[in-house]
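What follows is the content of input_34.cif (mmCIF, C-alpha atoms and all ligand atoms).
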```cif
data_run
#
loop_
_atom_site.label_atom_id
_atom_site.label_comp_id
_atom_site.auth_asym_id
_atom_site.auth_seq_id
_atom_site.Cartn_x
_atom_site.Cartn_y
_atom_site.Cartn_z
CA MET V 222 0.00 0.00 0.00
CA ASN V 223 1.35 3.46 -0.77
CA SER V 224 0.97 6.53 1.39
CA ALA V 225 -1.61 8.04 -0.98
CA GLN V 226 -3.90 5.14 -0.12
CA ALA V 227 -3.33 5.69 3.60
CA LEU V 228 -4.48 9.29 3.19
CA ASP V 229 -7.44 8.38 1.03
CA VAL V 230 -10.22 10.10 2.97
CA THR V 231 -12.11 11.80 0.14
CA PRO V 232 -15.61 12.56 1.42
CA THR V 233 -18.43 10.18 0.62
CA PRO V 234 -20.43 11.18 -2.46
CA LEU V 235 -23.57 11.05 -0.31
CA ALA V 236 -24.38 14.54 0.91
CA LEU V 237 -25.25 14.84 4.58
CA LEU V 238 -28.92 15.60 5.03
CA LEU V 239 -29.12 19.06 6.46
CA LEU V 240 -30.65 19.24 9.90
CA GLY V 241 -32.64 16.07 9.40
CA ARG V 242 -34.90 17.49 6.70
CA GLY V 243 -35.99 15.37 3.80
CA SER V 244 -35.46 11.66 3.46
CA ASP V 245 -32.96 9.51 1.66
CA PRO V 246 -33.97 5.86 1.40
CA ALA V 247 -30.47 4.92 0.18
CA SER V 248 -28.94 6.20 3.39
CA GLU V 249 -29.22 4.91 6.93
CA ARG V 250 -29.74 8.55 7.87
CA GLY V 251 -32.62 10.72 7.80
CA VAL V 252 -36.31 11.25 7.63
CA ASP V 253 -38.33 14.13 8.96
CA CYS V 254 -39.19 14.14 12.62
CA PRO V 255 -42.84 13.09 12.57
CA GLY V 256 -43.85 14.91 15.75
CA ASP V 257 -44.20 18.31 17.36
CA LEU V 258 -40.89 18.96 19.03
CA PRO V 259 -40.82 21.22 22.05
CA ALA V 260 -38.97 24.48 21.47
CA PRO V 261 -35.28 24.33 22.44
CA SER V 262 -35.89 27.51 24.47
CA ASP V 263 -38.55 25.84 26.65
CA PRO V 264 -37.21 26.37 30.20
CA ASP V 265 -39.03 23.25 31.45
CA LEU V 266 -37.30 20.72 29.19
CA VAL V 267 -35.15 19.19 31.92
CA GLU V 268 -38.13 18.90 34.26
CA ARG V 269 -40.27 17.41 31.46
CA ALA V 270 -37.64 14.79 30.64
CA ARG V 271 -37.36 13.90 34.33
CA ALA V 272 -41.14 13.62 34.73
CA ALA V 273 -41.57 11.43 31.63
CA LYS V 274 -38.71 9.19 32.74
CA ALA V 275 -40.18 8.85 36.22
CA ALA V 276 -43.61 8.03 34.77
CA LEU V 277 -42.12 5.24 32.65
CA GLY V 278 -40.04 3.83 35.52
CA ASP V 279 -38.51 0.39 34.89
CA ARG V 280 -40.35 0.04 31.59
CA LEU V 281 -37.74 2.40 30.16
CA PHE V 282 -33.99 1.98 29.70
CA VAL V 283 -32.02 4.90 28.28
CA LEU V 284 -28.65 4.20 26.67
CA GLY V 285 -26.20 7.05 26.01
CA HIS V 286 -23.14 6.83 23.78
CA HIS V 287 -20.11 8.73 25.04
CA TYR V 288 -20.33 11.18 22.13
CA GLN V 289 -23.75 12.46 23.15
CA ARG V 290 -24.35 16.00 24.36
CA ASP V 291 -24.30 16.73 28.12
CA GLU V 292 -27.97 17.77 28.01
CA VAL V 293 -28.84 14.23 26.89
CA ILE V 294 -26.24 12.14 28.70
CA GLN V 295 -27.62 13.34 32.05
CA PHE V 296 -30.71 11.20 31.37
CA ALA V 297 -28.86 8.03 30.36
CA ASP V 298 -29.25 5.01 32.66
CA VAL V 299 -25.95 3.73 31.30
CA THR V 300 -23.26 5.32 29.17
CA GLY V 301 -20.70 3.52 27.09
CA ASP V 302 -19.01 2.89 23.78
CA SER V 303 -20.82 0.94 21.12
CA PHE V 304 -19.61 -2.43 22.45
CA LYS V 305 -20.67 -1.79 26.03
CA LEU V 306 -24.04 -0.39 24.98
CA ALA V 307 -24.74 -3.42 22.75
CA ARG V 308 -24.10 -5.67 25.74
CA ASP V 309 -26.11 -3.46 28.08
CA ALA V 310 -29.09 -3.51 25.71
CA ALA V 311 -28.91 -7.32 25.44
CA ALA V 312 -28.76 -7.65 29.23
CA ARG V 313 -31.98 -5.75 29.92
CA PRO V 314 -34.87 -7.99 28.74
CA GLN V 315 -37.29 -6.50 31.27
CA ALA V 316 -37.27 -3.00 29.75
CA GLU V 317 -40.19 -2.48 27.38
CA TYR V 318 -38.63 0.57 25.75
CA ILE V 319 -34.97 1.08 24.94
CA VAL V 320 -34.33 4.72 24.08
CA PHE V 321 -31.00 4.83 22.28
CA CYS V 322 -29.18 8.14 22.51
CA GLY V 323 -26.64 7.40 19.84
CA VAL V 324 -26.86 6.82 16.11
CA HIS V 325 -28.95 4.64 13.84
CA PHE V 326 -26.62 1.63 13.48
CA MET V 327 -26.40 1.36 17.27
CA ALA V 328 -30.18 1.36 17.61
CA GLU V 329 -30.41 -1.32 14.91
CA SER V 330 -27.94 -3.49 16.81
CA ALA V 331 -29.93 -2.96 20.01
CA ASP V 332 -33.10 -4.04 18.21
CA ILE V 333 -31.38 -7.20 16.94
CA LEU V 334 -29.98 -8.07 20.38
CA THR V 335 -33.17 -7.44 22.36
CA THR V 336 -36.34 -9.51 22.52
CA GLU V 337 -39.30 -9.32 20.13
CA ALA V 338 -41.36 -7.60 22.80
CA GLN V 339 -38.91 -4.75 23.35
CA ARG V 340 -39.15 -1.55 21.33
CA VAL V 341 -36.02 0.44 20.43
CA VAL V 342 -36.45 4.17 19.88
CA LEU V 343 -33.99 6.59 18.27
CA PRO V 344 -35.07 10.10 19.35
CA ASP V 345 -34.07 11.64 16.00
CA LEU V 346 -34.12 9.48 12.88
CA ALA V 347 -31.63 11.83 11.25
CA ALA V 348 -28.95 10.60 13.65
CA GLY V 349 -27.10 8.37 11.23
CA CYS V 350 -23.43 7.81 10.59
CA SER V 351 -21.62 8.93 7.46
CA MET V 352 -19.11 6.08 7.85
CA ALA V 353 -21.85 3.45 7.96
CA ASP V 354 -23.31 4.95 4.79
CA MET V 355 -20.02 4.38 2.96
CA ALA V 356 -20.73 0.66 2.57
CA THR V 357 -24.09 -0.28 1.03
CA ALA V 358 -25.41 -3.83 0.67
CA GLU V 359 -25.20 -3.63 -3.14
CA GLN V 360 -21.60 -2.41 -3.08
CA VAL V 361 -20.55 -5.13 -0.66
CA ALA V 362 -22.30 -7.86 -2.68
CA GLU V 363 -20.46 -6.58 -5.76
CA ALA V 364 -17.14 -6.60 -3.89
CA TRP V 365 -17.75 -10.21 -2.86
CA ASP V 366 -18.24 -11.07 -6.55
CA VAL V 367 -14.93 -9.37 -7.31
CA LEU V 368 -13.24 -11.46 -4.60
CA THR V 369 -14.93 -14.59 -5.95
CA ASP V 370 -13.69 -13.87 -9.48
CA ALA V 371 -10.17 -13.35 -8.11
CA GLY V 372 -10.43 -16.77 -6.41
CA VAL V 373 -10.04 -15.40 -2.87
CA ALA V 374 -13.59 -15.24 -1.45
CA GLY V 375 -13.32 -18.85 -0.19
CA ARG V 376 -10.44 -17.94 2.12
CA THR V 377 -11.70 -14.47 3.10
CA VAL V 378 -13.62 -13.83 6.33
CA PRO V 379 -15.57 -10.57 6.53
CA VAL V 380 -15.25 -8.49 9.69
CA THR V 381 -17.48 -5.48 9.98
CA TYR V 382 -17.11 -2.66 12.43
CA MET V 383 -20.17 -2.10 14.58
CA ASN V 384 -20.47 1.20 12.69
CA SER V 385 -22.27 -0.37 9.74
CA SER V 386 -25.87 -0.93 8.72
CA ALA V 387 -27.79 -4.09 9.70
CA ASP V 388 -27.57 -5.16 6.03
CA ILE V 389 -23.78 -5.22 6.18
CA LYS V 390 -23.83 -7.09 9.48
CA ALA V 391 -26.22 -9.60 7.87
CA PHE V 392 -23.85 -10.05 4.91
CA THR V 393 -21.05 -10.62 7.42
CA GLY V 394 -23.09 -13.15 9.39
CA ARG V 395 -24.08 -15.09 6.25
CA ASN V 396 -20.46 -15.32 5.16
CA GLY V 397 -19.03 -16.64 8.41
CA GLY V 398 -17.75 -13.33 9.75
CA THR V 399 -18.07 -11.27 12.89
CA VAL V 400 -18.82 -7.76 14.01
CA CYS V 401 -16.12 -5.90 15.95
CA THR V 402 -15.87 -2.61 17.78
CA SER V 403 -12.85 -0.49 18.53
CA SER V 404 -12.64 -2.26 21.93
CA ASN V 405 -12.26 -5.76 20.51
CA ALA V 406 -10.94 -5.32 16.95
CA ARG V 407 -7.73 -7.21 17.73
CA ARG V 408 -9.54 -10.25 19.10
CA ALA V 409 -12.00 -10.17 16.20
CA LEU V 410 -9.19 -10.11 13.64
CA GLU V 411 -7.29 -12.91 15.37
CA TRP V 412 -10.47 -14.98 15.39
CA ALA V 413 -11.17 -14.19 11.72
CA PHE V 414 -7.67 -15.17 10.59
CA GLU V 415 -8.02 -18.45 12.50
CA GLN V 416 -11.28 -19.15 10.63
CA ALA V 417 -9.78 -18.13 7.28
CA GLY V 418 -6.99 -20.72 7.57
CA GLU V 419 -3.71 -20.79 5.71
CA ASP V 420 -3.20 -17.85 3.35
CA GLY V 421 -6.48 -16.48 4.72
CA LYS V 422 -7.66 -12.89 4.36
CA VAL V 423 -10.01 -10.49 6.06
CA LEU V 424 -12.37 -8.15 4.27
CA PHE V 425 -12.65 -5.30 6.79
CA LEU V 426 -15.72 -3.03 6.57
CA PRO V 427 -16.30 -0.10 6.46
CA ASP V 428 -13.51 1.77 8.35
CA GLN V 429 -10.18 1.43 6.57
CA HIS V 430 -8.38 3.15 9.46
CA LEU V 431 -9.54 0.86 12.27
CA GLY V 432 -8.73 -2.13 10.05
CA ARG V 433 -5.27 -0.89 9.13
CA ASN V 434 -4.37 0.37 12.58
CA THR V 435 -5.36 -2.90 14.21
CA ALA V 436 -3.60 -5.09 11.64
CA VAL V 437 -0.38 -3.10 11.73
CA ARG V 438 -0.17 -2.00 15.37
CA GLU V 439 -1.66 -5.03 17.06
CA LEU V 440 -1.14 -7.96 14.69
CA GLY V 441 2.30 -6.92 13.45
CA MET V 442 1.42 -6.81 9.77
CA GLY V 443 3.11 -4.49 7.31
CA LEU V 444 1.33 -1.65 5.55
CA ASP V 445 1.88 -3.55 2.32
CA ASP V 446 -0.21 -6.46 3.66
CA CYS V 447 -3.20 -4.09 3.34
CA VAL V 448 -5.01 -2.99 0.19
CA VAL V 449 -7.89 -0.54 -0.05
CA TYR V 450 -11.01 -1.62 -1.93
CA ASN V 451 -12.69 1.41 -3.49
CA PRO V 452 -16.38 0.64 -4.17
CA HIS V 453 -16.53 3.51 -6.64
CA LYS V 454 -13.98 1.95 -8.98
CA PRO V 455 -14.42 -1.13 -11.17
CA GLY V 456 -13.02 -4.16 -9.39
CA GLY V 457 -12.48 -1.98 -6.33
CA GLY V 458 -9.54 -0.37 -8.14
CA LEU V 459 -7.47 -3.50 -7.44
CA THR V 460 -6.05 -6.20 -9.66
CA ALA V 461 -6.74 -9.87 -8.96
CA ASP V 462 -3.06 -10.21 -8.14
CA GLN V 463 -3.22 -7.43 -5.52
CA LEU V 464 -6.22 -9.15 -3.94
CA ARG V 465 -4.42 -12.48 -3.88
CA ARG V 466 -1.33 -11.03 -2.21
CA ALA V 467 -3.20 -8.94 0.39
CA ARG V 468 -3.96 -10.16 3.89
CA MET V 469 -6.25 -7.27 4.83
CA ILE V 470 -8.71 -5.99 2.23
CA LEU V 471 -9.81 -2.67 3.69
CA TRP V 472 -13.05 -1.04 2.61
CA ARG V 473 -12.54 2.57 1.61
CA GLY V 474 -14.58 4.15 4.39
CA HIS V 475 -13.66 6.46 7.21
CA CYS V 476 -15.06 8.57 10.03
CA SER V 477 -15.32 12.20 9.02
CA VAL V 478 -14.86 13.28 12.65
CA HIS V 479 -11.71 11.28 13.45
CA GLY V 480 -10.44 11.78 9.89
CA ARG V 481 -9.91 15.46 10.67
CA PHE V 482 -6.98 14.86 13.02
CA SER V 483 -3.66 15.13 11.20
CA LEU V 484 0.03 14.84 11.87
CA ASP V 485 0.05 18.65 12.06
CA SER V 486 -2.50 18.49 14.92
CA VAL V 487 -0.10 16.21 16.81
CA ASP V 488 2.99 18.35 16.12
CA GLU V 489 1.11 21.52 16.98
CA VAL V 490 -0.19 20.26 20.33
CA ARG V 491 3.24 18.89 21.32
CA ALA V 492 4.70 22.36 20.67
CA ARG V 493 1.84 24.13 22.46
CA VAL V 494 1.62 21.86 25.54
CA PRO V 495 5.09 20.67 26.61
CA GLY V 496 5.07 17.17 28.08
CA VAL V 497 1.64 16.35 26.66
CA ASN V 498 0.55 12.73 26.11
CA VAL V 499 -1.31 12.24 22.85
CA LEU V 500 -4.21 9.79 23.15
CA VAL V 501 -6.27 8.97 20.05
CA HIS V 502 -9.08 6.73 18.85
CA PRO V 503 -8.13 4.03 16.28
CA GLU V 504 -10.55 5.56 13.76
CA CYS V 505 -7.84 8.20 13.23
CA ARG V 506 -5.55 7.92 10.21
CA HIS V 507 -2.57 5.62 10.50
CA GLU V 508 0.04 8.38 10.58
CA VAL V 509 -1.83 10.07 13.47
CA VAL V 510 -2.06 6.82 15.40
CA ALA V 511 1.63 6.11 14.72
CA ALA V 512 2.58 9.54 16.10
CA ALA V 513 0.37 9.23 19.21
CA ASP V 514 1.52 7.96 22.61
CA HIS V 515 -1.63 5.92 23.34
CA VAL V 516 -4.42 4.54 21.16
CA GLY V 517 -7.77 3.05 22.12
CA SER V 518 -11.54 2.96 21.99
CA THR V 519 -13.61 5.52 23.83
CA GLU V 520 -13.83 3.23 26.88
CA HIS V 521 -10.04 2.84 26.78
CA ILE V 522 -9.59 6.61 26.52
CA ILE V 523 -11.75 7.13 29.60
CA ALA V 524 -9.95 4.40 31.57
CA THR V 525 -6.55 5.86 30.63
CA LEU V 526 -7.50 9.34 31.78
CA ASP V 527 -9.07 7.95 34.92
CA ALA V 528 -5.80 6.21 35.84
CA ALA V 529 -3.60 9.16 34.83
CA PRO V 530 -1.64 10.86 37.63
CA ALA V 531 -2.45 14.37 38.85
CA GLY V 532 -0.45 16.95 36.95
CA SER V 533 -0.35 14.94 33.72
CA LYS V 534 -1.29 16.56 30.42
CA TRP V 535 -3.31 14.96 27.68
CA ALA V 536 -4.35 15.84 24.13
CA VAL V 537 -7.25 13.63 23.11
CA GLY V 538 -8.22 12.84 19.53
CA THR V 539 -11.84 11.79 19.57
CA GLU V 540 -15.27 13.42 19.50
CA LEU V 541 -15.49 16.78 21.23
CA ASN V 542 -18.51 16.21 23.52
CA LEU V 543 -16.57 13.40 25.21
CA VAL V 544 -13.29 15.30 25.41
CA ARG V 545 -14.98 18.35 26.95
CA ARG V 546 -16.76 16.21 29.51
CA LEU V 547 -13.53 14.45 30.48
CA ALA V 548 -11.66 17.76 30.70
CA ALA V 549 -14.30 19.08 33.10
CA ARG V 550 -14.46 15.83 35.10
CA TYR V 551 -10.71 15.60 35.73
CA ALA V 552 -9.88 19.31 36.08
CA ASP V 553 -10.34 19.08 39.86
CA GLN V 554 -7.78 16.26 40.00
CA GLY V 555 -5.21 18.49 38.30
CA LYS V 556 -5.24 16.59 35.00
CA GLU V 557 -5.02 18.91 32.02
CA ILE V 558 -7.02 17.58 29.08
CA VAL V 559 -7.18 19.39 25.75
CA PHE V 560 -8.74 18.58 22.40
CA LEU V 561 -6.19 17.38 19.85
CA ASP V 562 -7.26 19.78 17.14
CA ARG V 563 -7.62 23.56 17.18
CA THR V 564 -10.91 23.43 15.28
CA VAL V 565 -14.24 22.27 16.70
CA CYS V 566 -14.98 18.67 15.87
CA PHE V 567 -18.37 17.39 17.05
CA CYS V 568 -20.02 14.46 15.35
CA SER V 569 -22.93 16.31 13.72
CA THR V 570 -25.16 13.25 13.58
CA MET V 571 -24.53 12.24 17.21
CA ASN V 572 -25.43 15.84 18.05
CA ARG V 573 -28.82 15.41 16.35
CA ILE V 574 -30.08 13.87 19.60
CA ASP V 575 -30.85 16.90 21.72
CA LEU V 576 -33.11 17.62 24.66
CA PRO V 577 -36.20 18.54 22.56
CA HIS V 578 -36.00 15.21 20.68
CA LEU V 579 -35.43 13.30 23.91
CA VAL V 580 -38.36 15.01 25.67
CA TRP V 581 -40.61 14.40 22.66
CA SER V 582 -39.79 10.70 22.49
CA LEU V 583 -40.06 10.13 26.26
CA GLU V 584 -43.35 12.02 26.56
CA SER V 585 -44.74 10.13 23.57
CA LEU V 586 -43.81 6.81 25.20
CA ALA V 587 -45.31 7.93 28.51
CA ALA V 588 -48.53 8.73 26.61
CA GLY V 589 -48.52 5.21 25.13
CA LYS V 590 -47.28 6.17 21.67
CA VAL V 591 -44.12 4.54 20.33
CA VAL V 592 -42.34 6.99 18.04
CA ASN V 593 -39.22 6.61 15.88
CA ARG V 594 -39.11 2.86 16.41
CA ILE V 595 -36.08 1.16 14.87
CA GLN V 596 -37.02 -2.26 13.65
CA VAL V 597 -34.81 -4.51 11.57
CA ASP V 598 -36.64 -6.96 9.30
CA PRO V 599 -36.53 -10.55 10.63
CA VAL V 600 -34.34 -12.06 7.89
CA THR V 601 -31.73 -9.30 8.12
CA ALA V 602 -31.94 -9.43 11.91
CA HIS V 603 -31.37 -13.20 11.93
CA ASP V 604 -28.26 -13.02 9.77
CA ALA V 605 -26.89 -9.92 11.51
CA ALA V 606 -27.40 -11.65 14.87
CA LEU V 607 -25.04 -14.43 13.73
CA ALA V 608 -22.28 -11.86 13.34
CA LEU V 609 -23.17 -9.95 16.51
CA ASP V 610 -23.34 -13.15 18.58
CA ARG V 611 -19.92 -14.20 17.27
CA MET V 612 -18.60 -10.87 18.51
CA LEU V 613 -20.23 -11.25 21.92
CA ALA V 614 -18.71 -14.76 22.18
CA LEU V 615 -15.15 -13.62 21.35
CA PRO V 616 -12.69 -14.71 24.05
P1 LIG U 701 -16.63 3.31 19.88
O1 LIG U 701 -17.91 3.60 20.56
O2 LIG U 701 -16.55 1.86 19.46
O3 LIG U 701 -15.40 3.77 20.56
O4 LIG U 701 -16.70 4.04 18.44
C1 LIG U 701 -16.61 5.37 18.31
C2 LIG U 701 -17.56 5.87 17.31
O5 LIG U 701 -17.21 6.52 16.38
C3 LIG U 701 -18.94 5.59 17.50
O6 LIG U 701 -19.64 6.10 16.46
FE1 LIG U 702 -20.03 7.83 12.56
FE2 LIG U 702 -17.71 9.02 13.14
FE3 LIG U 702 -19.98 10.06 14.06
FE4 LIG U 702 -19.04 7.74 15.05
S1 LIG U 702 -18.09 9.74 15.23
S2 LIG U 702 -21.17 8.20 14.46
S3 LIG U 702 -18.12 6.84 13.20
S4 LIG U 702 -19.39 9.86 11.89
#
```

Translate the structure described by the file into structure tokens.
Amino acid sequence: MNSAQALDVTPTPLALLLLGRGSDPASERGVDCPGDLPAPSDPDLVERARAAKAALGDRLFVLGHHYQRDEVIQFADVTGDSFKLARDAAARPQAEYIVFCGVHFMAESADILTTEAQRVVLPDLAAGCSMADMATAEQVAEAWDVLTDAGVAGRTVPVTYMNSSADIKAFTGRNGGTVCTSSNARRALEWAFEQAGEDGKVLFLPDQHLGRNTAVRELGMGLDDCVVYNPHKPGGGLTADQLRRARMILWRGHCSVHGRFSLDSVDEVRARVPGVNVLVHPECRHEVVAAADHVGSTEHIIATLDAAPAGSKWAVGTELNLVRRLAARYADQGKEIVFLDRTVCFCSTMNRIDLPHLVWSLESLAAGKVVNRIQVDPVTAHDAALALDRMLALP
């Protein structure tokens, strides 16, 4: 792989739906909010959310991803990264309603992992994920045909990042693969290579950076063991020979939030904050991860900062809501935590879930009306569950 491929983060051709207006059936993001949202200026929003939550009691379980806004996270019964939240959802069969403060693919996974009787609600249907949208079912089916024609599909195991649609998880399940998250990507890859056998390969979807960073940093592969499959080019832009020689076939997808951090951000913060430790998420580009002092999932980032000594300094490369919260939480303990980049870097779709949407969905549930239900069709859910269960069973 050459360095141009490593930097290949050209934006997806799908335009982000602005402020959740309109609908795009080809995208996992976005339809209009079907209800009357309370005004963001309503001074009673916090009290209304509290009252609706209290009225629902144990029938309700609110999950909050670490990248959610403070105004929302205060109402989460549990917070976590996508792996922890998937497990938490699966471990709560008594809750009638699971309100997922996160993005669409997480709510889909929660629906798949919970019982038939449970209803999963995403407070704003426009909370999607641009990375998940970078791999569609048609594109992945076509890629599998390309691998078949090159004679490698039989020894390739698909591994999809949690950040993918239920369709992609179902494809993965049908083809003997597993889901992974940034917390368990190493174990998932080790498992997949064991299944693939001698001269085996992994097709890693849809985040090229998590795939590359895990293969190179944690499995000791070389950058030239990885190729990037571009779904917008015939044959993925690869020759059959390149596919045969590769060990990791990386889908050309990326996170637009973590993709913003650059080597310049690292150099700049080291100059600005002497003695700083750079701590980044593995969705960052390989050169950023290689220049960082520590790398890990959001749960790992939190645990690292928790264990850090007073007086230590940290520059964190992940979503800004989380970094701000951690900076505030640890300021009293004398830990200095700054954002890795100078420019603001929220995940715009995570930020779609705000207090008005949360209040609207909770009050609707309290009034007996299930809104914004996320429901995966049974066939897709069955196949996707194969891949999710393999992940949950990883050693
Ligand atoms: P984790 O929750 O697996 O750390 O992933 C981060 C992310 O980008 C979620 O969308
Ligand atoms: Fe998707 Fe990146 Fe936002 Fe996570 S942070 S939801 S991967 S766009």

Considering all atoms listed in the file, tabulate each residue of chain V that lies at most 6 Å from ligand LIG 701 (chain U) along with its nearest interatomic pair and the corresponding distance in Å to one decimal; arrange the rows by chain and ascending residue number and present them as CSV.
```
residue,atom,partner,partner_atom,distance
V:Asp302,CA,U:LIG701,O1,3.5
V:Ser303,CA,U:LIG701,O1,4.0
V:Thr402,CA,U:LIG701,O2,4.8
V:Ser403,CA,U:LIG701,O2,4.5
V:Ser518,CA,U:LIG701,O3,4.2
V:Thr519,CA,U:LIG701,O3,4.1
```

Record the distance separating CA of Tyr318 (chain V) and CA of Asp263 (chain V), expressed in Å with one decimal.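 Between CA of Tyr318 (chain V) and CA of Asp263 (chain V) the gap is 25.3 Å.
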
Within 12 Å of (-9.9, 4.8, 28.7), in the coordinates the file gives, what residues turn up when you count only C-alpha atoms, written out as a PyMOL selection string? chain V and resi 287+301-302+403-404+500-502+515-529+537+539+543-544+547

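By chain and then residue number, the residues within 8 Å of Gly532 (chain V) are Pro530, Lys534, Gln554, Gly555, Lys556 and Glu557 of chain V, counting only C-alpha atoms and disregarding those fewer than 2 positions away in sequence.
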
List all protein, DNA and RNA residues that have any atom at most 7 Å from ligand LIG 702 (chain U), counting only C-alpha atoms and all ligand atoms, and write the list as a PyMOL selection string. chain V and resi 324+349-353+384+476-479+540+568-571
